[in-house]
Amino acid sequence: MGIPTFPDAPFVIAGTTYRSRLLVGSGKYKDLTQTREASLASGAQIVTVAIRRVNIGQDPNAPSLLDVLPPSEFTLLPNSAGCYNAADAVYTLQLGREILGGHKLCKLEVLGDEKTLFPNMPETLKAAETLVKDGFDVMVYCSDDPIQARMLEDIGCAAIMPLASLIGSGMGILNPWNLSLIIEQSKVPVIVDAGVGTASDAAIAMELGCDGVLMNTAIAGAQDPVRMAHAMKLGIDAGRNAYLAGRIAKRFSAAPSSPMAGRVV
């Protein structure tokens, strides 16, 4: 008897289908070799890159991320990390598109302050509208507010990316109820972004019904980033399969594991 196969709906972002529902960042690793090793161990196909912080051709005299994560192997996701207003975010992503030869897929991130790195939603909405009109496929980092998420989807964003908790905090999912509301209403992929600390956090996000999870610090900041990347891959797969399988209902009384009917004695 062979190993069973488990069907799943395709994971589609802006018309492109991906095998992996884990998206990873490319920052905070000790070197580019470790960046590649961890990215491969994660099984991720989409890798984010901070245009303001990582060289992907801006400096021809310095090592480039493209040397270890070439576009022939990975879908690069330029992001506007480090931007605090709509104008800077739009300019940064337009620069990324130019460097990558017209690449339309991007991650919009407009931060509110340096302490919390919480999204500035008025500026995010403004930048999203500009980028969508400019032809970008916008994946957008946002608060876990269902109303704001709906507004971003109405603008035309390709994916909604609510935070689980503060960027780099490792606190996991602090408000599963809001995430559930966003998932229930959304017609585009919902991808948890920020706050994941370990594989169980990723599994919980997927069990809630998220379409994917994006993370960086949880992998790059681990004692063994490559092994943690592999653990995150397994957590994503386990959580997705548990969601599709349908968990048992929680109850306040015990239920015997073995059937009572037909007992021998």
# chains A, B, ... in the order shown; residues from 1 in each chain; ligands from 1

$ residues_around --residues "A:Val196" --least-positions-apart "4" --cutoff "7 Å" --atoms "only C-alpha atoms" --output "NGL selection string"
:A and (164 or 170-172 or 201-202 or 215 or 218)

$ residues_around --residues "stretch 226-230 of chain A" --least-positions-apart "6" --cutoff "12 Å" --atoms "only C-alpha atoms" --output "VMD selection string"
chain A and resid 22 to 25 29 to 30 33 to 44 197 to 200 202 214 to 220 236 to 237

$ select_by_dssp --residues "stretch 176-249 of chain A" --states "strand (DSSP E or B)" --output "list in words"
Val190, Ile191, Val192, Asp193, Gly212, Val213, Leu214 and Met215 of chain A

$ closest_residue --among "A:Glu109, A:Asp144, A:Asp31, A:Glu207" --to "A:Leu174" --atoms "only C-alpha atoms"
A:Asp144

$ select_by_dssp --residues "stretch 61-154 of chain A" --states "helix (DSSP H, G or I)" --output "ChimeraX atom specification"
/A:65-67,86-99,121-133,146-154

$ write_last_selection --atoms "N, CA and C atoms" --output "compact mmCIF listing (two decimals), in the first residue's frame"
# COMPACT_ATOMS: atom_id res chain seq x y z
N LEU A 65 22.79 39.77 -3.25
CA LEU A 65 21.90 38.68 -2.84
C LEU A 65 21.56 37.78 -4.02
N LEU A 66 21.55 38.35 -5.22
CA LEU A 66 21.21 37.58 -6.41
C LEU A 66 22.25 36.49 -6.71
N ASP A 67 23.44 36.63 -6.11
CA ASP A 67 24.47 35.61 -6.31
C ASP A 67 24.08 34.29 -5.65
N ALA A 86 4.08 57.14 2.75
CA ALA A 86 3.67 56.55 1.49
C ALA A 86 4.63 56.91 0.36
N ALA A 87 5.08 58.15 0.30
CA ALA A 87 5.94 58.59 -0.80
C ALA A 87 7.23 57.80 -0.84
N ASP A 88 7.88 57.61 0.32
CA ASP A 88 9.13 56.85 0.37
C ASP A 88 8.90 55.39 -0.02
N ALA A 89 7.79 54.81 0.44
CA ALA A 89 7.49 53.41 0.13
C ALA A 89 7.28 53.21 -1.37
N VAL A 90 6.53 54.11 -1.98
CA VAL A 90 6.27 54.01 -3.42
C VAL A 90 7.57 54.15 -4.20
N TYR A 91 8.39 55.13 -3.84
CA TYR A 91 9.66 55.33 -4.54
C TYR A 91 10.55 54.10 -4.41
N THR A 92 10.62 53.54 -3.19
CA THR A 92 11.48 52.37 -2.95
C THR A 92 11.05 51.18 -3.81
N LEU A 93 9.76 50.94 -3.90
CA LEU A 93 9.28 49.80 -4.67
C LEU A 93 9.39 50.05 -6.17
N GLN A 94 9.27 51.27 -6.59
CA GLN A 94 9.52 51.59 -8.00
C GLN A 94 10.99 51.35 -8.35
N LEU A 95 11.88 51.68 -7.42
CA LEU A 95 13.31 51.40 -7.60
C LEU A 95 13.55 49.90 -7.71
N GLY A 96 12.90 49.13 -6.84
CA GLY A 96 13.05 47.67 -6.90
C GLY A 96 12.57 47.11 -8.21
N ARG A 97 11.46 47.62 -8.72
CA ARG A 97 10.95 47.16 -10.01
C ARG A 97 11.95 47.44 -11.12
N GLU A 98 12.57 48.61 -11.07
CA GLU A 98 13.54 48.97 -12.11
C GLU A 98 14.78 48.09 -12.05
N ILE A 99 15.27 47.83 -10.83
CA ILE A 99 16.47 47.00 -10.67
C ILE A 99 16.22 45.58 -11.17
N MET A 121 -1.33 52.73 9.04
CA MET A 121 -2.39 52.34 8.11
C MET A 121 -2.86 53.45 7.17
N PRO A 122 -3.00 54.70 7.60
CA PRO A 122 -3.38 55.74 6.63
C PRO A 122 -2.37 55.86 5.48
N GLU A 123 -1.07 55.81 5.82
CA GLU A 123 -0.04 55.90 4.78
C GLU A 123 0.02 54.62 3.95
N THR A 124 -0.25 53.48 4.59
CA THR A 124 -0.28 52.21 3.85
C THR A 124 -1.38 52.21 2.80
N LEU A 125 -2.56 52.66 3.18
CA LEU A 125 -3.69 52.73 2.25
C LEU A 125 -3.37 53.67 1.09
N LYS A 126 -2.75 54.80 1.40
CA LYS A 126 -2.40 55.76 0.35
C LYS A 126 -1.38 55.16 -0.62
N ALA A 127 -0.34 54.52 -0.08
CA ALA A 127 0.68 53.92 -0.94
C ALA A 127 0.12 52.77 -1.76
N ALA A 128 -0.75 51.96 -1.14
CA ALA A 128 -1.34 50.82 -1.86
C ALA A 128 -2.12 51.30 -3.07
N GLU A 129 -2.90 52.34 -2.90
CA GLU A 129 -3.69 52.86 -4.02
C GLU A 129 -2.80 53.34 -5.15
N THR A 130 -1.72 54.03 -4.82
CA THR A 130 -0.79 54.52 -5.83
C THR A 130 -0.11 53.37 -6.57
N LEU A 131 0.34 52.37 -5.82
CA LEU A 131 1.07 51.25 -6.43
C LEU A 131 0.17 50.40 -7.32
N VAL A 132 -1.05 50.14 -6.87
CA VAL A 132 -1.98 49.36 -7.69
C VAL A 132 -2.27 50.09 -9.00
N LYS A 133 -2.47 51.40 -8.93
CA LYS A 133 -2.70 52.18 -10.15
C LYS A 133 -1.49 52.18 -11.06
N PRO A 146 -9.92 43.94 10.62
CA PRO A 146 -10.68 43.44 9.47
C PRO A 146 -11.19 44.54 8.55
N ILE A 147 -11.50 45.71 9.10
CA ILE A 147 -12.00 46.80 8.26
C ILE A 147 -10.90 47.34 7.35
N GLN A 148 -9.73 47.56 7.92
CA GLN A 148 -8.59 48.04 7.12
C GLN A 148 -8.20 46.99 6.08
N ALA A 149 -8.25 45.72 6.47
CA ALA A 149 -7.92 44.65 5.53
C ALA A 149 -8.87 44.65 4.35
N ARG A 150 -10.15 44.86 4.62
CA ARG A 150 -11.14 44.90 3.54
C ARG A 150 -10.88 46.10 2.62
N MET A 151 -10.50 47.22 3.19
CA MET A 151 -10.20 48.41 2.39
C MET A 151 -9.02 48.16 1.45
N LEU A 152 -8.00 47.47 1.96
CA LEU A 152 -6.84 47.16 1.12
C LEU A 152 -7.22 46.20 -0.01
N GLU A 153 -8.06 45.23 0.30
CA GLU A 153 -8.52 44.32 -0.74
C GLU A 153 -9.35 45.06 -1.78
N ASP A 154 -10.20 45.97 -1.34
CA ASP A 154 -11.02 46.74 -2.27
C ASP A 154 -10.16 47.62 -3.19

$ residues_around --residues "stretch 181-188 of chain A" --least-positions-apart "3" --cutoff "12 Å" --atoms "only C-alpha atoms" --output "NGL selection string"
:A and (11-15 or 137-140 or 142-163 or 175-178 or 191-192 or 205-212)

$ atom_distance --atom1 "atom CA of A:Phe118" --atom2 "atom CA of A:Asp224"
27.7 Å

$ atom_distance --atom1 "atom CA of A:Ser72" --atom2 "atom CA of A:Thr5"
28.4 Å

$ closest_residue --among "A:Leu77, A:Ala9, A:Cys83, A:Ile204" --to "A:His103" --atoms "only C-alpha atoms"
A:Leu77

$ atom_distance --atom1 "atom CA of A:Arg240" --atom2 "atom CA of A:Pro189"
13.8 Å
